$ cat my_file.csv   # CSV, C-alpha atoms
chain,number,residue,atom,x,y,z
G,1,MET,CA,0.0,0.0,0.0
G,2,ASN,CA,1.5,3.3,-1.0
G,3,LYS,CA,1.8,6.4,1.2
G,4,THR,CA,-1.1,8.2,-0.3
G,5,ARG,CA,-3.5,5.2,0.3
G,6,LYS,CA,-2.2,4.9,3.9
G,7,LYS,CA,-2.7,8.6,4.5
G,8,ASN,CA,-6.3,8.5,3.1
G,9,ASN,CA,-7.3,5.2,4.8
G,10,PRO,CA,-10.3,6.0,7.1
G,11,LEU,CA,-9.7,3.2,9.6
G,12,PHE,CA,-8.7,5.5,12.5
G,13,PRO,CA,-11.8,7.8,12.4
G,14,LEU,CA,-14.1,4.9,12.0
G,15,VAL,CA,-12.5,3.1,14.9
G,16,ILE,CA,-12.8,6.2,17.0
G,17,LEU,CA,-16.5,6.5,16.1
G,18,LYS,CA,-17.1,2.8,17.0
G,19,THR,CA,-15.3,3.2,20.3
G,20,ILE,CA,-17.2,6.3,21.3
G,21,VAL,CA,-20.6,4.8,20.5
G,22,ALA,CA,-19.8,1.5,22.2
G,23,ASN,CA,-18.6,3.1,25.4
G,24,LEU,CA,-21.3,5.7,25.5
G,25,PHE,CA,-24.0,3.0,25.6
G,26,GLY,CA,-21.8,0.6,27.6
G,27,ALA,CA,-23.2,2.2,30.7
G,28,ILE,CA,-26.6,0.6,30.0
G,29,THR,CA,-25.6,-2.4,32.1
G,30,THR,CA,-24.5,-0.4,35.1
G,31,ILE,CA,-27.0,2.5,35.1
G,32,LEU,CA,-30.1,0.4,34.3
G,33,ILE,CA,-29.0,-2.8,36.0
G,34,LEU,CA,-32.1,-2.6,38.3
G,35,ASP,CA,-34.4,-2.5,35.3
G,36,ILE,CA,-32.6,-5.3,33.6
G,37,ALA,CA,-32.8,-7.4,36.7
G,38,ASP,CA,-36.5,-6.7,37.1
G,39,SER,CA,-37.1,-7.7,33.5
G,40,PHE,CA,-36.1,-11.2,34.4
G,41,GLY,CA,-37.2,-11.3,38.1
G,42,LEU,CA,-33.6,-11.5,39.3
G,43,SER,CA,-31.6,-9.6,42.0
G,44,THR,CA,-28.7,-7.5,40.9
G,45,GLY,CA,-26.3,-10.0,42.4
G,46,GLU,CA,-27.8,-12.9,40.4
G,47,LEU,CA,-27.6,-10.8,37.2
G,48,GLY,CA,-24.0,-9.9,38.0
G,49,GLY,CA,-23.2,-13.6,38.3
G,50,LEU,CA,-24.6,-14.2,34.8
G,51,LEU,CA,-22.6,-11.3,33.4
G,52,SER,CA,-19.4,-12.5,34.8
G,53,ALA,CA,-19.4,-15.3,32.2
G,54,ASN,CA,-18.2,-12.6,29.8
G,55,TYR,CA,-14.7,-12.9,31.5
G,56,VAL,CA,-14.2,-16.2,29.7
G,57,ALA,CA,-14.6,-14.6,26.3
G,58,SER,CA,-12.3,-11.7,27.2
G,59,VAL,CA,-9.5,-14.1,28.2
G,60,LEU,CA,-9.7,-16.7,25.5
G,61,MET,CA,-11.1,-15.0,22.4
G,62,PRO,CA,-8.3,-12.5,21.8
G,63,LEU,CA,-5.8,-15.3,21.4
G,64,ILE,CA,-7.9,-17.2,18.9
G,65,ALA,CA,-8.9,-14.1,16.9
G,66,GLY,CA,-5.4,-12.7,16.9
G,67,ARG,CA,-3.9,-15.9,15.6
G,68,LEU,CA,-6.6,-16.2,12.9
G,69,GLY,CA,-6.1,-12.6,11.9
G,70,ASP,CA,-2.4,-13.1,11.3
G,71,LEU,CA,-2.9,-16.3,9.4
G,72,PHE,CA,-6.0,-15.5,7.2
G,73,GLY,CA,-6.1,-11.7,7.2
G,74,LYS,CA,-7.4,-9.2,9.7
G,75,LYS,CA,-10.2,-8.1,7.4
G,76,ARG,CA,-11.9,-11.5,7.3
G,77,VAL,CA,-11.7,-11.9,11.1
G,78,LEU,CA,-13.0,-8.4,11.5
G,79,ILE,CA,-16.1,-9.1,9.3
G,80,VAL,CA,-16.9,-12.2,11.2
G,81,SER,CA,-16.4,-10.6,14.6
G,82,VAL,CA,-18.7,-7.7,13.6
G,83,VAL,CA,-21.4,-10.1,12.6
G,84,ILE,CA,-21.0,-11.9,15.9
G,85,SER,CA,-21.2,-8.6,17.8
G,86,ILE,CA,-24.4,-7.5,16.0
G,87,LEU,CA,-25.9,-11.0,16.6
G,88,GLY,CA,-25.1,-10.8,20.3
G,89,SER,CA,-26.5,-7.3,20.7
G,90,LEU,CA,-29.7,-8.3,19.0
G,91,ILE,CA,-30.1,-11.3,21.3
G,92,ILE,CA,-29.5,-9.1,24.4
G,93,ALA,CA,-32.1,-6.6,23.3
G,94,TRP,CA,-34.7,-9.2,22.4
G,95,SER,CA,-34.0,-11.7,25.2
G,96,PRO,CA,-37.2,-13.0,26.8
G,97,THR,CA,-35.3,-14.8,29.6
G,98,ALA,CA,-32.2,-14.3,31.7
G,99,LEU,CA,-30.6,-17.3,30.2
G,100,ILE,CA,-30.9,-16.0,26.7
G,101,TYR,CA,-29.8,-12.6,27.9
G,102,SER,CA,-26.6,-14.0,29.4
G,103,LEU,CA,-26.1,-16.0,26.1
G,104,GLY,CA,-26.3,-12.7,24.2
G,105,VAL,CA,-23.8,-11.1,26.6
G,106,ILE,CA,-21.3,-13.9,26.0
G,107,ILE,CA,-21.8,-13.8,22.2
G,108,ALA,CA,-21.4,-10.0,22.1
G,109,GLY,CA,-18.3,-10.3,24.3
G,110,ILE,CA,-16.8,-12.8,21.9
G,111,GLY,CA,-17.4,-10.4,19.0
G,112,ALA,CA,-16.1,-7.4,20.8
G,113,SER,CA,-12.9,-9.2,22.0
G,114,ALA,CA,-12.3,-10.4,18.5
G,115,GLU,CA,-12.8,-6.9,17.1
G,116,ASN,CA,-10.2,-5.4,19.4
G,117,SER,CA,-7.7,-8.1,18.6
G,118,VAL,CA,-7.6,-7.2,15.0
G,119,ILE,CA,-8.4,-3.5,15.0
G,120,THR,CA,-5.5,-2.4,17.3
G,121,PRO,CA,-2.8,-4.2,15.3
G,122,SER,CA,-4.4,-2.9,12.1
G,123,LEU,CA,-3.7,0.6,13.2
G,124,ALA,CA,0.0,-0.4,13.5
G,125,ASP,CA,0.0,-2.0,10.1
G,126,ILE,CA,-1.6,1.0,8.3
G,127,TYR,CA,-0.2,3.9,10.3
G,128,PRO,CA,3.2,2.5,11.4
G,129,GLU,CA,4.7,5.9,12.2
G,130,LYS,CA,1.6,7.1,14.1
G,131,ALA,CA,0.5,3.8,15.6
G,132,ALA,CA,1.5,4.6,19.2
G,133,ARG,CA,-0.3,8.0,19.1
G,134,TYR,CA,-3.4,6.6,17.5
G,135,ILE,CA,-3.7,3.7,19.9
G,136,THR,CA,-3.2,6.1,22.9
G,137,LEU,CA,-5.9,8.4,21.5
G,138,LEU,CA,-8.2,5.4,21.2
G,139,GLN,CA,-7.8,5.0,24.9
G,140,VAL,CA,-8.6,8.7,25.4
G,141,ALA,CA,-11.8,8.3,23.4
G,142,THR,CA,-12.7,5.3,25.5
G,143,SER,CA,-12.3,7.3,28.7
G,144,VAL,CA,-14.2,10.3,27.4
G,145,ALA,CA,-17.1,8.2,26.3
G,146,GLY,CA,-17.0,6.4,29.6
G,147,MET,CA,-17.4,9.7,31.4
G,148,ILE,CA,-20.3,10.9,29.3
G,149,GLY,CA,-22.0,7.5,28.9
G,150,PRO,CA,-23.8,7.3,32.3
G,151,LEU,CA,-25.1,10.9,31.8
G,152,LEU,CA,-26.4,10.0,28.3
G,153,VAL,CA,-28.0,6.7,29.4
G,154,ASN,CA,-29.7,8.3,32.4
G,155,LEU,CA,-30.9,11.3,30.3
G,156,LEU,CA,-32.5,9.0,27.6
G,157,HIS,CA,-34.1,7.0,30.4
G,158,ALA,CA,-35.4,9.9,32.5
G,159,ARG,CA,-36.4,12.4,29.8
G,160,LEU,CA,-37.4,10.2,26.8
G,161,GLY,CA,-38.5,7.2,28.7
G,162,LEU,CA,-36.2,4.8,26.8
G,163,GLY,CA,-35.7,1.5,28.6
G,164,TRP,CA,-32.6,-0.7,28.4
G,165,ARG,CA,-34.0,-2.6,25.4
G,166,GLU,CA,-34.8,0.5,23.4
G,167,GLN,CA,-31.4,2.0,24.2
G,168,LYS,CA,-29.7,-1.2,23.2
G,169,TYR,CA,-31.5,-1.1,19.8
G,170,LEU,CA,-30.6,2.6,19.4
G,171,SER,CA,-26.9,1.9,20.1
G,172,LEU,CA,-26.9,-0.9,17.6
G,173,ALA,CA,-28.5,1.2,14.9
G,174,ILE,CA,-25.8,3.9,15.4
G,175,MET,CA,-23.0,1.3,15.5
G,176,LEU,CA,-24.1,0.1,12.0
G,177,ILE,CA,-22.5,3.2,10.5
G,178,PRO,CA,-18.9,2.4,11.4
G,179,TYR,CA,-19.6,-1.3,11.2
G,180,ILE,CA,-20.7,-1.3,7.6
G,181,SER,CA,-18.0,1.2,6.7
G,182,LEU,CA,-15.3,-1.1,8.0
G,183,PHE,CA,-16.4,-3.7,5.4
G,184,PHE,CA,-15.2,-1.4,2.6
G,185,ILE,CA,-11.7,-0.4,3.8
G,186,ARG,CA,-8.4,-2.2,3.3
G,187,LEU,CA,-6.6,-3.7,6.3
G,188,ASP,CA,-3.2,-4.3,4.6
G,189,GLN,CA,-0.7,-6.2,6.7
G,190,GLN,CA,3.0,-5.3,6.8
G,191,GLN,CA,5.2,-7.6,4.8
G,192,LYS,CA,8.4,-7.1,6.7
G,193,GLY,CA,8.0,-10.0,9.1
G,194,LYS,CA,7.3,-13.6,8.7
G,195,THR,CA,4.0,-14.9,10.1
G,196,ALA,CA,4.5,-17.7,12.5
G,197,ARG,CA,2.9,-21.0,11.3
G,198,GLY,CA,2.8,-24.3,13.0
G,199,PHE,CA,2.9,-25.2,16.7
G,200,ARG,CA,6.7,-24.7,17.1
G,201,GLU,CA,6.8,-21.3,15.5
G,202,VAL,CA,3.8,-20.0,17.5
G,203,ALA,CA,5.3,-21.4,20.7
G,204,ARG,CA,8.5,-19.6,19.9
G,205,LEU,CA,6.6,-16.4,19.3
G,206,LEU,CA,4.6,-16.6,22.5
G,207,SER,CA,7.7,-17.4,24.5
G,208,ASP,CA,9.4,-14.2,23.4
G,209,PRO,CA,10.5,-12.5,26.7
G,210,SER,CA,9.0,-9.1,25.7
G,211,LEU,CA,5.6,-10.7,25.1
G,212,LEU,CA,5.7,-12.7,28.4
G,213,TRP,CA,6.8,-9.7,30.5
G,214,GLY,CA,4.4,-7.4,28.7
G,215,ALA,CA,1.4,-9.7,29.4
G,216,LEU,CA,2.5,-10.0,33.0
G,217,THR,CA,2.7,-6.2,33.3
G,218,LEU,CA,-0.9,-5.8,32.0
G,219,MET,CA,-2.1,-8.6,34.2
G,220,LEU,CA,-0.9,-6.6,37.3
G,221,TYR,CA,-1.9,-3.3,35.7
G,222,CYS,CA,-5.5,-4.3,34.9
G,223,ALA,CA,-6.0,-6.2,38.2
G,224,THR,CA,-5.1,-3.0,40.0
G,225,ASP,CA,-7.1,-0.6,37.8
G,226,ASN,CA,-10.2,-2.8,37.7
G,227,THR,CA,-10.3,-3.3,41.5
G,228,PHE,CA,-9.6,0.4,42.2
G,229,THR,CA,-12.6,1.6,40.2
G,230,ASN,CA,-14.9,-1.1,41.5
G,231,PHE,CA,-14.2,-0.4,45.2
G,232,LEU,CA,-13.6,3.4,44.9
G,233,GLY,CA,-17.1,4.4,46.1
G,234,ILE,CA,-17.1,1.8,48.9
G,235,PHE,CA,-13.7,3.1,50.1
G,236,TYR,CA,-15.1,6.7,50.6
G,237,GLN,CA,-18.3,5.5,52.2
G,238,GLU,CA,-16.5,3.1,54.5
G,239,ARG,CA,-13.6,5.4,55.5
G,240,PHE,CA,-15.2,8.8,55.6
G,241,GLY,CA,-19.0,8.2,55.3
G,242,ALA,CA,-19.0,10.4,52.2
G,243,VAL,CA,-21.0,8.8,49.3
G,244,GLY,CA,-20.7,11.9,47.2
G,245,ALA,CA,-17.0,11.9,47.5
G,246,GLY,CA,-16.9,8.5,45.9
G,247,VAL,CA,-18.8,9.8,42.8
G,248,LEU,CA,-16.5,12.8,42.6
G,249,ALA,CA,-13.5,10.4,42.9
G,250,LEU,CA,-14.6,8.3,40.0
G,251,THR,CA,-15.2,11.4,37.9
G,252,LEU,CA,-11.7,12.6,38.8
G,253,HIS,CA,-10.3,9.2,38.0
G,254,ASN,CA,-11.7,9.2,34.4
G,255,THR,CA,-10.8,12.8,33.9
G,256,MET,CA,-7.1,12.2,34.9
G,257,TYR,CA,-7.0,9.2,32.5
G,258,VAL,CA,-8.2,11.4,29.6
G,259,ILE,CA,-5.7,14.2,30.4
G,260,ALA,CA,-2.7,11.9,31.0
G,261,ARG,CA,-3.3,9.7,27.9
G,262,PHE,CA,-3.9,12.7,25.7
G,263,LEU,CA,-0.7,14.3,26.8
G,264,VAL,CA,1.5,11.2,26.4
G,265,SER,CA,0.1,10.6,22.9
G,266,PHE,CA,2.4,13.4,21.7
G,267,ILE,CA,5.5,12.0,23.3
G,268,ARG,CA,7.9,10.4,20.8
G,269,LYS,CA,10.9,9.7,23.0
G,270,GLY,CA,11.4,8.3,26.5
G,271,ARG,CA,8.1,6.5,26.8
G,272,GLN,CA,9.5,3.5,28.6
G,273,TRP,CA,11.2,5.7,31.2
G,274,ILE,CA,8.0,7.6,31.6
G,275,GLY,CA,6.0,4.4,32.1
G,276,PHE,CA,8.5,3.1,34.7
G,277,CYS,CA,8.4,6.4,36.7
G,278,SER,CA,4.7,6.8,36.4
G,279,LEU,CA,4.0,3.3,37.9
G,280,GLY,CA,6.3,4.0,40.8
G,281,LEU,CA,4.7,7.4,41.5
G,282,SER,CA,1.2,5.8,41.3
G,283,ALA,CA,2.1,3.2,43.9
G,284,VAL,CA,3.2,6.0,46.3
G,285,PHE,CA,0.1,8.1,45.7
G,286,LEU,CA,-2.2,5.1,46.1
G,287,PHE,CA,-0.5,4.3,49.4
G,288,LEU,CA,-1.0,7.9,50.6
G,289,MET,CA,-4.6,7.8,49.5
G,290,ALA,CA,-5.3,4.7,51.5
G,291,ALA,CA,-3.6,6.2,54.6
G,292,ALA,CA,-5.3,9.6,54.2
G,293,LYS,CA,-7.1,11.0,57.2
G,294,SER,CA,-9.6,13.1,55.3
G,295,ALA,CA,-11.7,12.7,52.2
G,296,THR,CA,-10.2,15.8,50.7
G,297,ALA,CA,-6.6,14.4,51.0
G,298,ALA,CA,-7.8,11.1,49.6
G,299,LEU,CA,-9.3,12.8,46.6
G,300,ILE,CA,-6.1,14.7,45.9
G,301,PHE,CA,-3.9,11.6,46.2
G,302,GLY,CA,-6.4,9.5,44.2
G,303,ALA,CA,-6.4,12.0,41.4
G,304,LEU,CA,-2.6,12.0,41.3
G,305,TYR,CA,-2.6,8.2,41.3
G,306,SER,CA,-4.9,8.1,38.3
G,307,PHE,CA,-2.9,10.7,36.4
G,308,CYS,CA,0.3,8.7,36.9
G,309,PHE,CA,-1.2,5.2,36.3
G,310,ALA,CA,-2.9,6.0,33.0
G,311,PRO,CA,-0.1,6.0,30.4
G,312,VAL,CA,1.3,2.4,30.7
G,313,TYR,CA,-1.6,0.5,29.2
G,314,PRO,CA,-1.5,2.1,25.7
G,315,PHE,CA,2.3,2.1,25.9
G,316,VAL,CA,2.4,-1.7,26.2
G,317,ILE,CA,-0.4,-2.4,23.7
G,318,SER,CA,1.2,-0.1,21.0
G,319,ASP,CA,4.7,-1.6,21.6
G,320,ALA,CA,3.3,-5.1,21.0
G,321,ALA,CA,1.5,-4.1,17.9
G,322,ILE,CA,4.5,-2.4,16.4
G,323,SER,CA,7.3,-4.8,17.4
G,324,PHE,CA,6.0,-8.0,15.8
G,325,PRO,CA,5.3,-7.4,12.1
G,326,GLY,CA,3.6,-10.4,10.5
G,327,ASN,CA,2.3,-11.4,14.0
G,328,SER,CA,1.0,-8.1,15.3
G,329,ALA,CA,-2.5,-9.4,16.0
G,330,THR,CA,-1.2,-12.4,17.9
G,331,ALA,CA,1.1,-10.3,20.0
G,332,THR,CA,-1.5,-7.7,20.7
G,333,SER,CA,-4.1,-10.2,21.6
G,334,PHE,CA,-1.7,-11.9,24.0
G,335,MET,CA,-1.5,-8.5,25.8
G,336,PHE,CA,-5.3,-8.2,25.9
G,337,SER,CA,-5.6,-11.7,27.3
G,338,GLY,CA,-3.0,-10.9,30.0
G,339,GLY,CA,-5.0,-7.9,31.1
G,340,SER,CA,-8.3,-9.8,31.2
G,341,LEU,CA,-6.8,-12.6,33.1
G,342,GLY,CA,-5.6,-10.2,35.8
G,343,CYS,CA,-9.1,-8.7,36.1
G,344,MET,CA,-10.6,-12.2,36.5
G,345,LEU,CA,-8.1,-13.5,39.0
G,346,ILE,CA,-8.3,-10.6,41.3
G,347,THR,CA,-12.0,-10.9,41.6
G,348,LEU,CA,-11.4,-14.2,43.4
G,349,PHE,CA,-10.0,-12.5,46.5
G,350,ALA,CA,-10.6,-8.7,46.4
G,351,PRO,CA,-14.2,-8.8,47.6
G,352,ARG,CA,-13.2,-11.2,50.5
G,353,VAL,CA,-10.3,-8.9,51.5
G,354,ALA,CA,-12.6,-5.8,51.4
G,355,GLY,CA,-15.4,-7.6,53.2
G,356,THR,CA,-13.2,-9.0,56.0
G,357,TYR,CA,-10.5,-6.4,56.5
G,358,GLY,CA,-11.9,-3.3,54.8
G,359,THR,CA,-11.1,-1.4,51.6
G,360,LYS,CA,-8.1,0.4,53.3
G,361,LEU,CA,-6.1,-2.8,53.4
G,362,LEU,CA,-7.3,-3.7,49.9
G,363,PHE,CA,-6.0,-0.3,48.6
G,364,PHE,CA,-2.6,-0.9,50.4
G,365,ILE,CA,-2.5,-4.2,48.5
G,366,LEU,CA,-3.2,-2.4,45.2
G,367,SER,CA,-0.4,-0.1,46.0
G,368,ALA,CA,1.9,-3.1,46.2
G,369,THR,CA,0.5,-4.5,42.9
G,370,SER,CA,1.2,-1.2,41.2
G,371,LEU,CA,4.8,-1.3,42.6
G,372,ALA,CA,5.1,-4.9,41.3
G,373,ALA,CA,3.8,-3.7,37.9
G,374,MET,CA,6.6,-1.1,37.9
G,375,LEU,CA,9.3,-3.7,38.4
G,376,VAL,CA,7.9,-6.1,35.8
G,377,TYR,CA,7.5,-3.2,33.3
G,378,LYS,CA,11.2,-2.4,33.8
G,379,ILE,CA,12.1,-5.9,32.8
G,380,TYR,CA,9.7,-5.8,29.9
G,381,ALA,CA,11.1,-2.5,28.7
G,382,ALA,CA,14.6,-3.9,28.8
G,383,HIS,CA,13.6,-6.8,26.6
G,384,THR,CA,11.7,-4.5,24.2
G,385,ARG,CA,14.8,-2.4,23.7
G,386,LYS,CA,16.9,-5.4,23.0
G,387,LYS,CA,14.4,-6.7,20.4
G,388,ARG,CA,14.4,-3.5,18.3
G,389,SER,CA,14.2,0.3,18.6
G,390,LEU,CA,10.6,1.4,18.4
G,391,PRO,CA,9.9,4.2,16.0
G,392,ASP,CA,8.5,6.6,18.6
G,393,CYS,CA,11.0,6.0,21.4
$ encode --input "my_file.csv" --output "structure tokens"
Amino acid sequence: MNKTRKKNNPLFPLVILKTIVANLFGAITTILILDIADSFGLSTGELGGLLSANYVASVLMPLIAGRLGDLFGKKRVLIVSVVISILGSLIIAWSPTALIYSLGVIIAGIGASAENSVITPSLADIYPEKAARYITLLQVATSVAGMIGPLLVNLLHARLGLGWREQKYLSLAIMLIPYISLFFIRLDQQQKGKTARGFREVARLLSDPSLLWGALTLMLYCATDNTFTNFLGIFYQERFGAVGAGVLALTLHNTMYVIARFLVSFIRKGRQWIGFCSLGLSAVFLFLMAAAKSATAALIFGALYSFCFAPVYPFVISDAAISFPGNSATATSFMFSGGSLGCMLITLFAPRVAGTYGTKLLFFILSATSLAAMLVYKIYAAHTRKKRSLPDC
């Protein structure tokens, strides 16, 4: 593909549009969870148990989709994954029973995981010199939509009377615009690297130290991030009796993510050093937040933690997409699976720790996992530098 075609390829704006719409209406499950549960005569706890089945898709599906994308072409895998996502969304909106609803959630999760596994490396294939910036801006769009989404869903429900089914149909109708457009663009793969084929070649690829340490970094990173956001409101209510402070803290968390990731998207050198230092600082600020004596101090330290913690995720994802030409989808999906595995594993003990010993101890533990992520990231960065010099570092 020549430079003019790369420059005019509309993949990035279409992906941004898809990401914004998906995350705007992603709040349907959280904001209208009581309505969804009432639709099937379930408690919110029972519904949450059904939704947790989606973790399986988020761990396993990226590896499968990424491998197929490298072997048979990302365009083919993208088309199939889009069809699966649409089918899952239709099943969710139509579902007459909780069982069918949970089946739709799993199917939609499979489609969404497969989409991400080929879209992110496709950005590296088509925009190799701007891949790191575009992937980071994609995370910015996710955070912005995540901030606005709850307000939009609540507005549509309160002012227009749109229930969760109607909003699901509406989101799907809007999503058809970028979905259909993606069918007509080219997703050319880089030809510089050899695609791993056969068990031995794939095993050699996945045993690459930079991939292993990168996946471990995201496992610790996502475990920390997911638990922090899930227990943030409980922390302020338990420690200070301030429910409103928890809402403000979550807003500050998302805002800091947007600002930090937007700023680092323009950084071309020293990203690995920034990632190492930011994880170390985030561990310190999270410790200070957990030990804070007032809600105001906790809010300040929590905001500083979020600002410092934000950059690493897009750094690791973009590095994986750029560093393995010919196997970019496999490498990127391995990172996604590592992050999802971290989220799944920490749910096994985080609620027990918070319930038995309190969220203060849980946040001290998260400070330690952030510090562990810093040490692992340092090893990962060393292996990445040995592998090759990234274009934007």
$ residues_around --input "my_file.csv" --residues "Thr120 (chain G)" --least-positions-apart "3" --cutoff "10 Å" --atoms "all atoms listed in the file" --output "number ranges by chain"
G: 12, 15, 115-117, 123-125, 131, 134-135, 138, 317-318, 320-321, 328-329, 332-333
$ residues_around --input "my_file.csv" --residues "Asp225 (chain G)" --least-positions-apart "2" --cutoff "12 Å" --atoms "all atoms listed in the file" --output "VMD selection string"
chain G and resid 218 to 223 227 to 232 250 253 to 254 257 279 282 to 283 286 302 305 to 306 308 to 310 312 to 313 339 to 340 342 to 343 346 363 366 to 367 369 to 370 373
$ write_last_selection --input "my_file.csv" --atoms "C-alpha atoms" --output "CSV table (one decimal), keeping the file's coordinate frame"
chain,number,residue,atom,x,y,z
G,218,LEU,CA,-0.9,-5.8,32.0
G,219,MET,CA,-2.1,-8.6,34.2
G,220,LEU,CA,-0.9,-6.6,37.3
G,221,TYR,CA,-1.9,-3.3,35.7
G,222,CYS,CA,-5.5,-4.3,34.9
G,223,ALA,CA,-6.0,-6.2,38.2
G,227,THR,CA,-10.3,-3.3,41.5
G,228,PHE,CA,-9.6,0.4,42.2
G,229,THR,CA,-12.6,1.6,40.2
G,230,ASN,CA,-14.9,-1.1,41.5
G,231,PHE,CA,-14.2,-0.4,45.2
G,232,LEU,CA,-13.6,3.4,44.9
G,250,LEU,CA,-14.6,8.3,40.0
G,253,HIS,CA,-10.3,9.2,38.0
G,254,ASN,CA,-11.7,9.2,34.4
G,257,TYR,CA,-7.0,9.2,32.5
G,279,LEU,CA,4.0,3.3,37.9
G,282,SER,CA,1.2,5.8,41.3
G,283,ALA,CA,2.1,3.2,43.9
G,286,LEU,CA,-2.2,5.1,46.1
G,302,GLY,CA,-6.4,9.5,44.2
G,305,TYR,CA,-2.6,8.2,41.3
G,306,SER,CA,-4.9,8.1,38.3
G,308,CYS,CA,0.3,8.7,36.9
G,309,PHE,CA,-1.2,5.2,36.3
G,310,ALA,CA,-2.9,6.0,33.0
G,312,VAL,CA,1.3,2.4,30.7
G,313,TYR,CA,-1.6,0.5,29.2
G,339,GLY,CA,-5.0,-7.9,31.1
G,340,SER,CA,-8.3,-9.8,31.2
G,342,GLY,CA,-5.6,-10.2,35.8
G,343,CYS,CA,-9.1,-8.7,36.1
G,346,ILE,CA,-8.3,-10.6,41.3
G,363,PHE,CA,-6.0,-0.3,48.6
G,366,LEU,CA,-3.2,-2.4,45.2
G,367,SER,CA,-0.4,-0.1,46.0
G,369,THR,CA,0.5,-4.5,42.9
G,370,SER,CA,1.2,-1.2,41.2
G,373,ALA,CA,3.8,-3.7,37.9
$ residues_around --input "my_file.csv" --residues "Val83 (chain G)" --least-positions-apart "3" --cutoff "12 Å" --atoms "all atoms listed in the file" --output "list in words"
Arg76, Val77, Leu78, Ile79, Val80, Ile86, Leu87, Gly88, Ser89, Leu90, Ile107, Ala108, Ile110, Gly111, Ala112, Ala114, Glu115, Leu172, Met175, Leu176, Tyr179, Ile180, Leu182 and Phe183 of chain G
$ atom_distance --input "my_file.csv" --atom1 "CA of Ser181 (chain G)" --atom2 "CA of Ile100 (chain G)"
29.4 Å
$ atom_distance --input "my_file.csv" --atom1 "CA of Leu14 (chain G)" --atom2 "CA of Asn154 (chain G)"
25.9 Å
$ residues_around --input "my_file.csv" --residues "Pro178 (chain G)" --least-positions-apart "5" --cutoff "10 Å" --atoms "only C-alpha atoms" --output "VMD selection string"
chain G and resid 11 13 to 19 21 183
$ closest_residue --input "my_file.csv" --among "G:Ile234, G:Ala382, G:Cys277, G:Val258" --to "Lys360 (chain G)" --atoms "only C-alpha atoms"
G:Ile234
$ atom_distance --input "my_file.csv" --atom1 "CA of Val144 (chain G)" --atom2 "CA of Leu24 (chain G)"
8.7 Å
$ closest_residue --input "my_file.csv" --among "G:Lys168, G:Lys194, G:Arg239, G:Lys74" --to "Asn327 (chain G)" --atoms "only C-alpha atoms"
G:Lys194
$ closest_residue --input "my_file.csv" --among "G:Gly69, G:Tyr380, G:Thr224, G:Asp35" --to "Thr347 (chain G)" --atoms "only C-alpha atoms"
G:Thr224
$ closest_residue --input "my_file.csv" --among "G:Trp273, G:Ser143, G:Ala381, G:Leu345" --to "Ala22 (chain G)" --atoms "all atoms listed in the file"
G:Ser143
$ decode --input "my_file.csv" --residues "region 306-317 of chain G" --atoms "N, CA and C atoms" --output "short mmCIF file (atom, residue, chain, number, x, y, z; two decimals), in the first residue's frame"
data_model
loop_
_atom_site.label_atom_id
_atom_site.label_comp_id
_atom_site.auth_asym_id
_atom_site.auth_seq_id
_atom_site.Cartn_x
_atom_site.Cartn_y
_atom_site.Cartn_z
N SER G 306 -4.31 8.38 39.62
CA SER G 306 -4.93 8.11 38.32
C SER G 306 -4.13 8.74 37.18
N PHE G 307 -3.65 9.97 37.41
CA PHE G 307 -2.87 10.66 36.38
C PHE G 307 -1.58 9.89 36.06
N CYS G 308 -0.93 9.37 37.09
CA CYS G 308 0.33 8.66 36.89
C CYS G 308 0.13 7.25 36.36
N PHE G 309 -0.98 6.63 36.71
CA PHE G 309 -1.20 5.24 36.35
C PHE G 309 -1.66 5.07 34.90
N ALA G 310 -2.23 6.12 34.33
CA ALA G 310 -2.91 6.03 33.03
C ALA G 310 -2.03 5.65 31.84
N PRO G 311 -0.80 6.15 31.69
CA PRO G 311 -0.09 6.00 30.41
C PRO G 311 0.35 4.59 30.04
N VAL G 312 0.56 3.70 31.01
CA VAL G 312 1.26 2.44 30.73
C VAL G 312 0.50 1.52 29.80
N TYR G 313 -0.81 1.42 29.98
CA TYR G 313 -1.60 0.48 29.17
C TYR G 313 -1.44 0.73 27.67
N PRO G 314 -1.68 1.94 27.16
CA PRO G 314 -1.47 2.15 25.72
C PRO G 314 -0.02 1.99 25.29
N PHE G 315 0.93 2.26 26.19
CA PHE G 315 2.34 2.05 25.86
C PHE G 315 2.60 0.59 25.52
N VAL G 316 2.16 -0.31 26.39
CA VAL G 316 2.44 -1.73 26.20
C VAL G 316 1.70 -2.27 24.97
N ILE G 317 0.44 -1.87 24.81
CA ILE G 317 -0.35 -2.35 23.68
C ILE G 317 0.26 -1.90 22.35
#
